[in-house]
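Novice: This is the structure, below, for whatever I ask next.
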Amino acid sequence: MSDHVQLEEILIGSIAGMLDGLGHVAVGASSPVPGAAALLTRARSNGATRVSVLGSENHNFFTDGAKELFDCAGQGRIDAFFLGGAQIDGKANINLVSIGDPDRPKARFPGSFGSAYMYYVVPRVILFRLEHTPRTLVDAVDYISAPGVSEPGVYRPGGPHALITDRCLFSFDKSRARFTLASVHPGHTVEEIAEQTGFDYDLPEGGVPETAAPDAETLALIRGPVAQQLAEIYPSFASRVFGIDKAA
């Protein structure tokens, strides 16, 4: 591995910063970057943070898959989870169903599965999308698979905490149902984010900082034990990003 910090490593470090101090972080299927961030959080906590990654044999204490995941979340025993969407809008609504008229869609996707449920009960949901364009980050989703906010009086301990993409990081204010541009990843600009984002958002006072790259100690954890653990779950990702061909 070179000393050059890769985008994936910046994303992993940024997400882990939002997970530090939590008791239990769960990760769904096909989520190598969030999975690596959860494993990094556990490594930095000396094992105090519990991590559950669906699809892993070594990092998943569930024996009945999503059923137990949902039960655990409903009991308030999951502190953070990750969701994505074909579309995400400025109110943090996500669309996992279809594009266009639902009766005659232009495109269909696998479906909502348990996204709405997890969005309601997990306190810190981090939205993750690697394509940051106006077609994915839209003014209003075509179909609401899971709403970002709920009406007053609706019991909802869970909801969106942030949105991280391949270009930037947004924080989310639930009381205002609105994103704020928290930082821009190296190589990108505030102007570019405005051009590539289909919804309105706020800018922080004092300017938008650049997303911090992981420090040397964090990089050593990511490229060492975290990468080795990740290879068991996502061998192709570990090989491409870290040059690891198999789990240790």
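Letters for chains follow the order of the structure tokens (A, B, ...), residue numbers begin at 1 for each chain, and ligand numbers begin at 1 in the order shown.
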Once DSSP has gone over the backbone, tell me which residues of stretch 20-142 of chain A are in strand (DSSP E), as a VMD selection string.

Specialist: chain A and resid 24 to 27 50 to 53 80 to 83 87 to 89 94 to 95 98 to 99 107 to 108 124 to 129 137 to 138

Novice: Taking only stretch 7-229 of chain A into account, list the residues labelled helix (DSSP H, G or I) by DSSP (computed from the backbone), as a PyMOL selection string.

Specialist: chain A and resi 7-19+32-44+66-74+115-121+190-196+216-229

Novice: Quick one: distance from atom CA of A:Phe82 to atom CA of A:Gly207 in Å, one decimal?

Specialist: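 That distance, rounded to one decimal, is 27.6 Å.
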
Novice: With only C-alpha atoms as the counted atoms, please give the residues lying no more than 12 Å from A:Pro152, apart from itself and same-chain residues fewer than 4 positions off, as an MDAnalysis selection string.

Specialist: chainID A and resid 156 174:175

Novice: Write the residues you've just listed into a file as a PDB file, in the first residue's frame, and include N, CA and C atoms for each of them.

Specialist:
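Done, and the output landed in selection02.pdb:
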```pdb
ATOM      1  N   ARG A 156     -41.051   8.115  17.465  1.00  0.00           N
ATOM      2  CA  ARG A 156     -39.981   7.761  16.541  1.00  0.00           C
ATOM      3  C   ARG A 156     -38.632   8.043  17.175  1.00  0.00           C
ATOM      4  N   LYS A 174     -33.017  17.173  12.341  1.00  0.00           N
ATOM      5  CA  LYS A 174     -34.353  16.570  12.326  1.00  0.00           C
ATOM      6  C   LYS A 174     -35.437  17.600  12.603  1.00  0.00           C
ATOM      7  N   SER A 175     -35.162  18.576  13.456  1.00  0.00           N
ATOM      8  CA  SER A 175     -36.181  19.556  13.818  1.00  0.00           C
ATOM      9  C   SER A 175     -36.564  20.432  12.634  1.00  0.00           C
TER      10      SER A 175
END
```

Novice: Kindly assemble as CSV a list of the stretch 119-154 of chain A residues that lie within 10 Å of stretch 189-205 of chain A, each paired with its nearest atom pair and their distance in Å to one decimal, using only C-alpha atoms, sorted first by chain and then by ascending residue number.

Specialist:
```
residue,atom,partner,partner_atom,distance
A:Glu131,CA,A:Gln196,CA,9.9
A:His132,CA,A:Gln196,CA,6.6
A:Thr133,CA,A:Gln196,CA,4.8
A:Pro134,CA,A:Gly198,CA,4.6
A:Arg135,CA,A:Gly198,CA,7.4
A:Thr136,CA,A:Gly198,CA,8.0
A:Leu137,CA,A:Gly198,CA,5.3
A:Val138,CA,A:Gly198,CA,4.3
A:Asp139,CA,A:Phe199,CA,4.3
A:Ala140,CA,A:Phe199,CA,7.7
```

Novice: Restricted to all heavy atoms, what would the selected residues look like written as an mmCIF file, in the first residue's frame?

Specialist:
```
data_model
loop_
_atom_site.group_PDB
_atom_site.id
_atom_site.type_symbol
_atom_site.label_atom_id
_atom_site.label_comp_id
_atom_site.auth_asym_id
_atom_site.auth_seq_id
_atom_site.Cartn_x
_atom_site.Cartn_y
_atom_site.Cartn_z
ATOM 1 N N GLU A 131 -22.912 7.489 -5.467
ATOM 2 C CA GLU A 131 -23.138 8.301 -6.662
ATOM 3 C C GLU A 131 -23.799 9.605 -6.228
ATOM 4 O O GLU A 131 -24.974 9.636 -5.884
ATOM 5 C CB GLU A 131 -24.033 7.601 -7.684
ATOM 6 C CG GLU A 131 -24.225 8.442 -8.947
ATOM 7 C CD GLU A 131 -25.298 7.911 -9.885
ATOM 8 O OE1 GLU A 131 -25.536 6.696 -9.888
ATOM 9 O OE2 GLU A 131 -25.901 8.735 -10.602
ATOM 10 N N HIS A 132 -23.043 10.680 -6.248
ATOM 11 C CA HIS A 132 -23.553 11.998 -5.857
ATOM 12 C C HIS A 132 -23.811 12.790 -7.123
ATOM 13 O O HIS A 132 -22.935 13.476 -7.651
ATOM 14 C CB HIS A 132 -22.536 12.702 -4.958
ATOM 15 C CG HIS A 132 -23.016 14.010 -4.414
ATOM 16 N ND1 HIS A 132 -22.659 14.463 -3.164
ATOM 17 C CD2 HIS A 132 -23.819 14.973 -4.935
ATOM 18 C CE1 HIS A 132 -23.218 15.643 -2.938
ATOM 19 N NE2 HIS A 132 -23.920 15.980 -4.018
ATOM 20 N N THR A 133 -25.047 12.684 -7.644
ATOM 21 C CA THR A 133 -25.451 13.399 -8.853
ATOM 22 C C THR A 133 -26.884 13.889 -8.674
ATOM 23 O O THR A 133 -27.600 13.432 -7.777
ATOM 24 C CB THR A 133 -25.396 12.480 -10.091
ATOM 25 O OG1 THR A 133 -26.375 11.433 -9.940
ATOM 26 C CG2 THR A 133 -24.016 11.853 -10.271
ATOM 27 N N PRO A 134 -27.332 14.794 -9.542
ATOM 28 C CA PRO A 134 -28.713 15.267 -9.434
ATOM 29 C C PRO A 134 -29.763 14.184 -9.636
ATOM 30 O O PRO A 134 -30.918 14.373 -9.255
ATOM 31 C CB PRO A 134 -28.799 16.338 -10.537
ATOM 32 C CG PRO A 134 -27.402 16.803 -10.738
ATOM 33 C CD PRO A 134 -26.564 15.567 -10.531
ATOM 34 N N ARG A 135 -29.399 13.060 -10.250
ATOM 35 C CA ARG A 135 -30.398 12.008 -10.441
ATOM 36 C C ARG A 135 -30.552 11.137 -9.190
ATOM 37 O O ARG A 135 -31.552 10.445 -9.046
ATOM 38 C CB ARG A 135 -30.042 11.139 -11.650
ATOM 39 C CG ARG A 135 -28.937 10.124 -11.429
ATOM 40 C CD ARG A 135 -28.875 9.125 -12.565
ATOM 41 N NE ARG A 135 -27.962 8.031 -12.257
ATOM 42 C CZ ARG A 135 -27.947 6.871 -12.907
ATOM 43 N NH1 ARG A 135 -28.804 6.655 -13.888
ATOM 44 N NH2 ARG A 135 -27.097 5.931 -12.575
ATOM 45 N N THR A 136 -29.562 11.170 -8.297
ATOM 46 C CA THR A 136 -29.656 10.382 -7.069
ATOM 47 C C THR A 136 -30.019 11.233 -5.862
ATOM 48 O O THR A 136 -30.755 10.787 -4.982
ATOM 49 C CB THR A 136 -28.327 9.657 -6.785
ATOM 50 O OG1 THR A 136 -27.273 10.621 -6.680
ATOM 51 C CG2 THR A 136 -28.000 8.666 -7.885
ATOM 52 N N LEU A 137 -29.506 12.449 -5.797
ATOM 53 C CA LEU A 137 -29.831 13.371 -4.710
ATOM 54 C C LEU A 137 -30.803 14.399 -5.274
ATOM 55 O O LEU A 137 -30.397 15.379 -5.912
ATOM 56 C CB LEU A 137 -28.566 14.034 -4.168
ATOM 57 C CG LEU A 137 -27.475 13.084 -3.651
ATOM 58 C CD1 LEU A 137 -26.361 13.870 -2.983
ATOM 59 C CD2 LEU A 137 -28.040 12.045 -2.699
ATOM 60 N N VAL A 138 -32.087 14.162 -5.067
ATOM 61 C CA VAL A 138 -33.148 14.866 -5.784
ATOM 62 C C VAL A 138 -33.930 15.793 -4.861
ATOM 63 O O VAL A 138 -33.864 15.681 -3.631
ATOM 64 C CB VAL A 138 -34.107 13.854 -6.445
ATOM 65 C CG1 VAL A 138 -33.365 13.006 -7.468
ATOM 66 C CG2 VAL A 138 -34.765 12.956 -5.388
ATOM 67 N N ASP A 139 -34.690 16.688 -5.469
ATOM 68 C CA ASP A 139 -35.523 17.606 -4.693
ATOM 69 C C ASP A 139 -36.611 16.845 -3.935
ATOM 70 O O ASP A 139 -36.895 17.138 -2.770
ATOM 71 C CB ASP A 139 -36.136 18.650 -5.618
ATOM 72 C CG ASP A 139 -36.986 19.658 -4.862
ATOM 73 O OD1 ASP A 139 -36.466 20.287 -3.918
ATOM 74 O OD2 ASP A 139 -38.172 19.799 -5.208
ATOM 75 N N ALA A 140 -37.226 15.868 -4.602
ATOM 76 C CA ALA A 140 -38.258 15.036 -3.966
ATOM 77 C C ALA A 140 -38.207 13.655 -4.597
ATOM 78 O O ALA A 140 -38.203 13.527 -5.830
ATOM 79 C CB ALA A 140 -39.642 15.646 -4.150
#
```

Novice: Out of A:Pro235, A:Thr218, A:Val154, A:Asp79, which residue has the shortest atom-to-atom distance to A:Gly17 when counting only C-alpha atoms?

Specialist: A:Thr218

Novice: When you draw a straight line from atom CA of A:Ser30 to atom CA of A:Tyr234, how long is it in Å?

Specialist: 8.1 Å

Novice: Which residues, written as a list in words, have at least one atom at most 7 Å from A:Ala37, with only C-alpha atoms counted and residues fewer than 2 positions away on the same chain left out?

Specialist: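 Neighbouring residues, sequence-local ones excluded: Ile12, Gly13, Ile15, Ala16, Val33, Pro34, Gly35, Leu39, Leu40 and Thr41 of chain A.
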
Novice: Could you list, with a cut-off of 12 Å and counting only C-alpha atoms, the residues of stretch 155-228 of chain A near stretch 57-73 of chain A, each shown with its nearest atom pair and the distance in Å rounded to one decimal, rows sorted by chain and ascending number, as JSON lines?

Specialist:
```
{"residue": "A:Pro157", "atom": "CA", "partner": "A:Ala73", "partner_atom": "CA", "distance": 10.8}
{"residue": "A:Gly158", "atom": "CA", "partner": "A:Ala73", "partner_atom": "CA", "distance": 9.8}
{"residue": "A:Val226", "atom": "CA", "partner": "A:His59", "partner_atom": "CA", "distance": 11.6}
{"residue": "A:Gln228", "atom": "CA", "partner": "A:Asn58", "partner_atom": "CA", "distance": 11.7}
```
